[in-house]
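Have a look at the structure below before the remarks.
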Amino acid sequence: MKVAGIDEAGKGPVIGSMCIAGVVVDEAKIHSLKNLGVTDSKKISPKKREELAHKIKKYVDDYFIFEITPSQIDELRNVMSMNDIMVLGFSRVVENLNPELVYVDSADVKPERFAEKIRSEYSKSNKTASENIEIISEHEADVVYPVVSAASIIAKVRRDELVNNLKEEFGVDFGSGYPSDPKTKQFLIDWVKKYGSLPDIVRHSWKTAQKLR
C-alpha cells in the first residue's frame, strides 16, 4: 500500500510563501522511516532538519512540495478562507503523489471536516481515486505519524530556504517573517517609512500589513 504524509510550513508568517509538502512510501518502509529519526520539525535544529530532509528525499518513493506565494495567498483570500487555501494545497499534493492512504496534519479545528474537504477538492481532478483513498486527518499528526513528520521536515526546510534567499536578495535579516518577530516588525516599519508601501514578499492581506499601510 502506498502511504503518504502531508504537512505545511509557513501558514502564519506575514513574509514569504507557504510550503505544503508530502512524501509517499510503501507501507512496509514506514518503520524504517522512523529509524531515520524523523519527528516534529519544530523540535529539530535547522542543521539537523537539512540533514534529515536530504535523507528523507533519498529514502521515500516520491515527494512533492506545493508552494503558494504571498500574492497568490492574497488573491485567494478574496474568495476563500485560509483553511480553504490549505485544502486546495493539500489536495494538490495528494494529486501529485496518488497514495492509497494519506495522513494529514489538520488545519481545521474539526479534523474530519478537513479530511472531507480535501477529498472533495481531490475529486475534481480524480473522482475515482478520491472515492477509494483513505484520508486520516489529525491534530499534531506530525508528532504521531513518521510519514507526516518527514513531510513536515521537508516543508520546513524548503520554507527556510526561500526565506534565506529573500534575506540575501533584500540584504536584510528580517527574522522569521512572523508578525510577532521584532526583526520582522522593524523591517516592515522601516520599509514603509522609506518606500510608502510594502514589498511583494509580504502578504498584504495580513492584519499586520494592513495596519502598517
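Residue numbering restarts at 1 in every chain; chains get A, B, ... in the order shown in the C-alpha cells, and ligands count up from 1 in that same order.
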So which residues touch range 59-74 of chain A within 8 Å, counting only C-alpha atoms, skipping near sequence neighbours fewer than 4 positions away, as a compact mmCIF listing (two decimals) with N, CA, C and O atoms, in the first residue's frame?
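The resulting part_24.txt:
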# COMPACT_ATOMS: atom_id res chain seq x y z
N ILE A 15 5.54 37.34 5.90
CA ILE A 15 6.52 37.39 4.82
C ILE A 15 6.76 35.99 4.26
O ILE A 15 6.93 35.03 5.01
N GLY A 16 6.79 35.89 2.95
CA GLY A 16 7.18 34.66 2.29
C GLY A 16 6.07 33.68 1.97
O GLY A 16 4.92 33.87 2.36
N SER A 17 6.43 32.66 1.23
CA SER A 17 5.48 31.65 0.75
C SER A 17 5.11 30.64 1.83
O SER A 17 5.81 30.48 2.81
N MET A 18 4.01 29.96 1.59
CA MET A 18 3.63 28.80 2.38
C MET A 18 4.02 27.57 1.58
O MET A 18 3.78 27.52 0.37
N CYS A 19 4.62 26.59 2.24
CA CYS A 19 5.05 25.36 1.58
C CYS A 19 4.27 24.18 2.15
O CYS A 19 4.27 23.98 3.37
N ILE A 20 3.63 23.43 1.28
CA ILE A 20 2.90 22.23 1.69
C ILE A 20 3.61 21.05 1.05
O ILE A 20 3.70 20.95 -0.17
N ALA A 21 4.15 20.16 1.90
CA ALA A 21 4.95 19.05 1.40
C ALA A 21 4.29 17.71 1.71
O ALA A 21 3.59 17.55 2.70
N GLY A 22 4.54 16.77 0.82
CA GLY A 22 4.05 15.42 1.02
C GLY A 22 5.12 14.42 0.63
O GLY A 22 5.94 14.69 -0.25
N VAL A 23 5.14 13.29 1.34
CA VAL A 23 6.02 12.18 0.97
C VAL A 23 5.16 10.94 0.83
O VAL A 23 4.10 10.83 1.46
N VAL A 24 5.59 10.00 0.02
CA VAL A 24 4.86 8.74 -0.13
C VAL A 24 5.85 7.58 -0.08
O VAL A 24 6.93 7.64 -0.68
N VAL A 25 5.50 6.55 0.70
CA VAL A 25 6.34 5.36 0.83
C VAL A 25 5.46 4.12 0.85
O VAL A 25 4.26 4.21 1.13
N ASP A 26 6.08 2.99 0.60
CA ASP A 26 5.36 1.73 0.75
C ASP A 26 5.14 1.49 2.24
O ASP A 26 6.00 1.81 3.07
N LEU A 33 11.48 4.38 8.15
CA LEU A 33 11.48 5.85 8.06
C LEU A 33 11.62 6.46 9.45
O LEU A 33 12.34 7.43 9.65
N LYS A 55 18.15 12.96 3.63
CA LYS A 55 17.98 11.50 3.79
C LYS A 55 16.57 11.07 3.39
O LYS A 55 16.39 10.04 2.73
N ASN A 78 -9.37 36.61 -1.24
CA ASN A 78 -10.52 37.41 -1.68
C ASN A 78 -11.76 36.54 -1.87
O ASN A 78 -12.88 37.05 -1.85
N ILE A 85 -7.67 27.54 1.51
CA ILE A 85 -6.43 27.59 0.74
C ILE A 85 -5.57 26.37 1.08
O ILE A 85 -4.96 25.75 0.21
N GLY A 89 -4.19 23.35 -1.33
CA GLY A 89 -2.80 22.94 -1.39
C GLY A 89 -2.59 21.47 -1.05
O GLY A 89 -1.85 20.76 -1.74
N ARG A 92 -3.66 19.25 -3.87
CA ARG A 92 -2.70 19.25 -4.99
C ARG A 92 -1.55 18.27 -4.71
O ARG A 92 -1.04 17.61 -5.63
N VAL A 93 -1.15 18.20 -3.46
CA VAL A 93 -0.09 17.27 -3.09
C VAL A 93 -0.58 15.83 -3.24
O VAL A 93 0.13 14.97 -3.78
N ASN A 96 -0.55 14.80 -6.83
CA ASN A 96 0.77 14.52 -7.39
C ASN A 96 1.37 13.22 -6.87
O ASN A 96 2.19 12.61 -7.57
N LEU A 97 1.00 12.79 -5.66
CA LEU A 97 1.58 11.58 -5.08
C LEU A 97 0.72 10.34 -5.30
O LEU A 97 1.21 9.22 -5.27
N ALA A 155 8.89 20.34 4.28
CA ALA A 155 8.20 21.63 4.12
C ALA A 155 8.96 22.75 4.82
O ALA A 155 9.14 23.84 4.27
N ASP A 200 6.56 43.02 -2.42
CA ASP A 200 5.69 41.92 -2.85
C ASP A 200 5.98 40.60 -2.13
O ASP A 200 5.28 39.60 -2.37
N ILE A 201 6.98 40.57 -1.26
CA ILE A 201 7.26 39.36 -0.48
C ILE A 201 6.36 39.30 0.76
O ILE A 201 6.38 38.32 1.50
N VAL A 202 5.57 40.35 0.94
CA VAL A 202 4.67 40.45 2.10
C VAL A 202 3.25 40.04 1.71
O VAL A 202 2.80 40.32 0.61
N ARG A 203 2.56 39.39 2.65
CA ARG A 203 1.15 39.05 2.45
C ARG A 203 0.32 40.29 2.84
O ARG A 203 0.08 40.55 4.02
N HIS A 204 -0.09 41.03 1.86
CA HIS A 204 -0.76 42.31 2.09
C HIS A 204 -2.12 42.15 2.78
O HIS A 204 -2.63 43.11 3.36
N SER A 205 -2.69 40.97 2.70
CA SER A 205 -4.00 40.75 3.32
C SER A 205 -3.90 40.47 4.83
O SER A 205 -4.92 40.39 5.51
With DSSP run on the backbone, what are the alpha helix (DSSP H) residues within range 46-210 of chain A? I'd like them as a PyMOL selection string.
chain A and resi 46-59+70-76+82-97+111-123+127-132+141-144+146-170+182-195+207-210
Mind checking which residues fall within 8 Å of Val3 in chain A, counting only C-alpha atoms, ignoring those fewer than 3 positions away in the same chain, and posting them as a VMD selection string?
chain A and resid 24 to 27 99 to 103 147
Do a neighbour search on Ser149 in chain A at 7 Å with only C-alpha atoms, toss out local chain neighbours closer than 6 positions, and write the hits as a list in words.
Val38, Thr39, Asp40, Ser41, Asp142 and Val143 of chain A
For His31 in chain A, the nearest of the candidates A:Val87, A:Pro146, A:Gly5, A:Leu162, counting only C-alpha atoms
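Looking at the shortest contact to His31 in chain A, the residue is A:Pro146.
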Tell me which of A:Lys43, A:Ile153, A:Glu75, A:Trp206 sits closest to Tyr178 in chain A, counting only C-alpha atoms.
A:Trp206
